[in-house]
Amino acid sequence: MTGLTTLGPTASLEEAVAVVDRDGGVIIRDFLDSQTLAELRSDIENAVSAVPWGEDDFSGHRTKRLYGVFQHTPHAATTVRHRLYAGLAAHYLQRPKPAYVGEDIYELVPNYYVGVSTVIDIHPGEGAQPLHRDDTVWQWRHHEGYNQARVQIMVAVTDFTAENGGTMVIPGSHQWDDERCPKVEEAVSTEMSAGSALIWLGGTFHGGGTNRSDSNRIGLSIGLDLSYLRQEENAYLTYPTEVMKTFDEDIQALLGWNTCPPGTGFVAHQGVMADPIFLLKDDGAPISNSYTMFDKKPSDTSV
């Protein structure tokens with residue numbers, strides 16, 4: 001079976017979208033430059049070494065998983081800011097939907113946030129992970145024309161090969177309904193050099209491969225999700241408030257300290273339905289109202 005398409009780092013967003021529309025995923029070569037990759041690996045190496053082995057077949061018995069990655073390396077932020085990853089997330093997740101408010105129709109455009117972040121370190125002797133869809137976490141349903149809930153990335157911190165457990169992907173499975181069972185023989189191994197990245201949709205079947213090599217395979221994986229869905233990784237408890245305050249505002253918002261139009265996730269403050277990011281600012285910072293969307297001009301879109 002033919003493997004996933006690899007595009008170069010200068011590929012356009014339109015090229016990446018065309019491949020993902022067809023296959024459910026794409027590989028971007030040299031997603032991170034060599035210096036950034038070296039810094040990322042240095043940042044996470046010690047933290048991962050202290051993590052215990054997994055304890056079930058899904059997490060792996062010879063696999064270590066480090067969560068809350070934004071507090072371990074600034075290059076988790078580098079990853080979510082990348083033009084192709086952010087561009088693909090916006091393309092698949094920020095799709096407008098018309099809705100009546102009274103007799104007016106408004107166009108609601110959801111934003112997205114980080115649903116989970118993890119370093120996955122697969123060691124020799126680990127077996128293959130069961131093939132699955134990431135959007136199963138919300139019991140998502142798949143039918144013709146369904147909306148994607150997640151756009152996931154796996155950055156190769158080490159080389160990914162068929163021998164060391166490179167992520168298995170079933171091309172085109174994002175187009176399947178919920179009645180079709182994934183078969184191992186339908187999957188292909190992700191083979192990419194360190195610094196490259198696999199980006200795939202929440203509806204695409206995939207899973208970690210068997211590591212038959214004599215070295216471990218390390219990847220940084222992040223999911224960007226529709227922000228009206230519950231985060232898989234509870235960022236409010238994963239990151240202490242004092243740690244969250246050290247992040248740039250765009251990362252604070254991506255980790256959930258924001259609202260999704262028209263106001264999912266607001267915090268009540270002095271009679272205002274406020275965007276929660278004000279809680280991370282100094283006292284006296286202006287409070288934004290989460291419901292300013294309804295001050296916009298109604299859309300001409302029909303429901």
# chains A, B, ... in the order shown; residues from 1 in each chain; ligands from 1
>>> residues_around(residues="Ser221 of chain A", least_positions_apart="3", cutoff="8 Å", atoms="only C-alpha atoms", output="list in words")
Ser117, Thr118, Val119, Ile120, Gln152, Ile153, Met154 and Val155 of chain A
>>> select_by_dssp(residues="segment 63-144 of chain A", states="alpha helix (DSSP H)", output="MDAnalysis selection string")
chainID A and resid 75:81 83:93
>>> closest_atom_pairs(of="segment 140-231 of chain A", to="segment 73-97 of chain A", cutoff="12 Å", atoms="only C-alpha atoms", output="CSV")
residue,atom,partner,partner_atom,distance
A:Gly145,CA,A:Tyr92,CA,11.9
A:Tyr146,CA,A:Tyr92,CA,10.8
A:Asn147,CA,A:Leu93,CA,7.6
A:Gln148,CA,A:Tyr92,CA,6.3
A:Ala149,CA,A:Leu93,CA,6.6
A:Arg150,CA,A:Leu93,CA,7.3
A:Val151,CA,A:Ala89,CA,5.6
A:Gln152,CA,A:Ala89,CA,8.5
A:Ile153,CA,A:Tyr85,CA,7.6
A:Met154,CA,A:Thr79,CA,9.8
A:Val155,CA,A:Thr79,CA,8.3
A:Ala156,CA,A:Thr79,CA,11.6
A:Val157,CA,A:His75,CA,11.5
A:Gly195,CA,A:Thr79,CA,10.8
A:Ser196,CA,A:Thr79,CA,11.2
A:Ala197,CA,A:Tyr85,CA,9.5
A:Leu198,CA,A:Tyr85,CA,9.8
A:Ile199,CA,A:Tyr85,CA,7.3
A:Trp200,CA,A:Leu88,CA,9.4
A:Leu201,CA,A:Tyr92,CA,8.6
A:Gly202,CA,A:Tyr92,CA,10.3
A:Gly203,CA,A:Tyr92,CA,11.5
A:Gly219,CA,A:Ala76,CA,11.6
A:Leu220,CA,A:Ala76,CA,8.1
A:Ser221,CA,A:Ala76,CA,9.0
A:Ile222,CA,A:Val80,CA,8.0
A:Gly223,CA,A:Val80,CA,9.2
A:Leu224,CA,A:Ala89,CA,6.7
A:Asp225,CA,A:Leu93,CA,7.3
A:Leu226,CA,A:Leu93,CA,6.1
A:Ser227,CA,A:Leu93,CA,9.2
A:Tyr228,CA,A:Leu93,CA,11.0
A:Leu229,CA,A:Leu93,CA,11.7
>>> atom_distance(atom1="atom CA of His72 of chain A", atom2="atom CA of Ala128 of chain A")
27.1 Å
>>> residues_around(residues="Leu237 of chain A", least_positions_apart="4", cutoff="12 Å", atoms="only C-alpha atoms", output="VMD selection string")
chain A and resid 67 to 68 231 to 233 241 to 244 255 to 256
>>> write_last_selection(atoms="N, CA and C atoms", output="CSV table (one decimal), in the first residue's frame")
chain,number,residue,atom,x,y,z
A,67,TYR,N,2.7,14.2,29.6
A,67,TYR,CA,1.6,15.1,29.3
A,67,TYR,C,2.0,16.5,29.8
A,68,GLY,N,1.1,17.5,29.5
A,68,GLY,CA,1.3,18.9,29.9
A,68,GLY,C,2.6,19.4,29.3
A,231,GLN,N,-11.9,19.5,26.8
A,231,GLN,CA,-10.5,19.1,26.5
A,231,GLN,C,-10.3,17.7,27.1
A,232,GLU,N,-9.6,16.9,26.3
A,232,GLU,CA,-9.2,15.5,26.7
A,232,GLU,C,-8.3,15.6,27.9
A,233,GLU,N,-7.3,16.5,27.8
A,233,GLU,CA,-6.4,16.8,28.9
A,233,GLU,C,-6.8,18.0,29.6
A,241,THR,N,-1.8,27.8,37.9
A,241,THR,CA,-2.1,29.2,37.4
A,241,THR,C,-0.8,30.0,37.3
A,242,GLU,N,0.2,29.8,38.2
A,242,GLU,CA,1.4,30.6,38.2
A,242,GLU,C,2.2,30.2,36.9
A,243,VAL,N,2.1,28.9,36.5
A,243,VAL,CA,2.8,28.5,35.3
A,243,VAL,C,2.1,29.0,34.1
A,244,MET,N,0.8,29.0,34.1
A,244,MET,CA,0.0,29.5,33.0
A,244,MET,C,0.3,31.0,32.7
A,255,LEU,N,-4.8,27.1,25.4
A,255,LEU,CA,-4.9,26.1,26.5
A,255,LEU,C,-6.2,26.2,27.2
A,256,GLY,N,-7.1,27.0,26.7
A,256,GLY,CA,-8.5,27.0,27.2
A,256,GLY,C,-8.9,28.2,28.0
>>> closest_residue(among="A:Gln71, A:Asp134, A:Pro98, A:Ile105", to="Thr246 of chain A", atoms="only C-alpha atoms")
A:Gln71
>>> closest_atom_pairs(of="segment 71-167 of chain A", to="segment 1-8 of chain A", cutoff="12 Å", atoms="only C-alpha atoms", output="Markdown table")
| residue | atom | partner | partner_atom | distance |
| --- | --- | --- | --- | --- |
| A:Leu84 | CA | A:Leu7 | CA | 10.9 |
| A:Thr161 | CA | A:Gly3 | CA | 11.8 |
| A:Ala162 | CA | A:Gly3 | CA | 10.9 |
| A:Gly166 | CA | A:Gly3 | CA | 11.7 |
| A:Thr167 | CA | A:Leu4 | CA | 11.0 |
>>> atom_distance(atom1="atom CA of Met168 of chain A", atom2="atom CA of Gly207 of chain A")
5.1 Å
>>> residues_around(residues="Gly209 of chain A", least_positions_apart="4", cutoff="12 Å", atoms="only C-alpha atoms", output="ChimeraX atom specification")
/A:58,60,63,120-131,160-169,184,187-191,213,216-217
>>> write_last_selection(atoms="C-alpha atoms", output="tab-separated table (two decimals), in the first residue's frame")
chain	number	residue	atom	x	y	z
A	58	PHE	CA	-3.46	1.07	24.50
A	60	GLY	CA	1.77	0.57	25.90
A	63	THR	CA	6.05	3.26	26.15
A	120	ILE	CA	5.29	9.57	23.23
A	121	ASP	CA	8.47	7.55	23.72
A	122	ILE	CA	8.13	4.02	22.27
A	123	HIS	CA	10.91	1.62	23.27
A	124	PRO	CA	12.13	-1.58	21.64
A	125	GLY	CA	9.81	-4.52	22.20
A	126	GLU	CA	6.61	-2.43	22.27
A	127	GLY	CA	3.73	-3.90	20.30
A	128	ALA	CA	1.39	-2.06	17.98
A	129	GLN	CA	-1.32	0.15	19.45
A	130	PRO	CA	-4.90	-0.68	18.41
A	131	LEU	CA	-5.99	1.41	15.43
A	160	PHE	CA	10.25	7.45	12.37
A	161	THR	CA	10.58	4.18	10.48
A	162	ALA	CA	8.52	1.06	9.87
A	163	GLU	CA	10.91	-0.80	12.18
A	164	ASN	CA	10.84	1.52	15.20
A	165	GLY	CA	7.09	2.04	15.51
A	166	GLY	CA	6.37	4.87	13.09
A	167	THR	CA	2.71	5.83	13.45
A	168	MET	CA	0.39	3.54	11.48
A	169	VAL	CA	-2.25	5.37	9.41
A	184	VAL	CA	-4.06	-3.71	10.33
A	187	ALA	CA	-2.49	0.71	7.54
A	188	VAL	CA	0.82	2.16	6.37
A	189	SER	CA	3.79	3.17	8.52
A	190	THR	CA	4.74	6.83	8.84
A	191	GLU	CA	8.36	7.10	7.75
A	213	SER	CA	14.39	-1.85	16.31
A	216	ASN	CA	13.40	4.22	21.03
A	217	ARG	CA	11.10	6.34	18.87
>>> select_by_dssp(residues="segment 82-302 of chain A", states="strand (DSSP E or B)", output="JSON, numbers by chain")
{"A": [97, 98, 99, 100, 101, 104, 105, 106, 107, 108, 112, 113, 114, 115, 116, 117, 118, 119, 120, 121, 122, 132, 150, 151, 152, 153, 154, 155, 156, 160, 164, 168, 169, 188, 189, 192, 197, 198, 199, 200, 201, 206, 207, 211, 217, 218, 219, 220, 221, 222, 223, 224, 225, 226, 260, 264, 267, 268, 269, 272, 273, 274, 289]}
>>> closest_residue(among="A:Asp282, A:Lys64, A:Tyr112, A:Thr10", to="Ile251 of chain A", atoms="only C-alpha atoms")
A:Tyr112
>>> closest_residue(among="A:Leu280, A:Val17, A:Val48, A:Ile170", to="Phe247 of chain A", atoms="only C-alpha atoms")
A:Leu280
>>> closest_residue(among="A:Phe205, A:Trp257, A:Phe70, A:Tyr106", to="Asp23 of chain A", atoms="only C-alpha atoms")
A:Phe205
>>> atom_distance(atom1="atom CA of Asp177 of chain A", atom2="atom CA of His142 of chain A")
5.0 Å
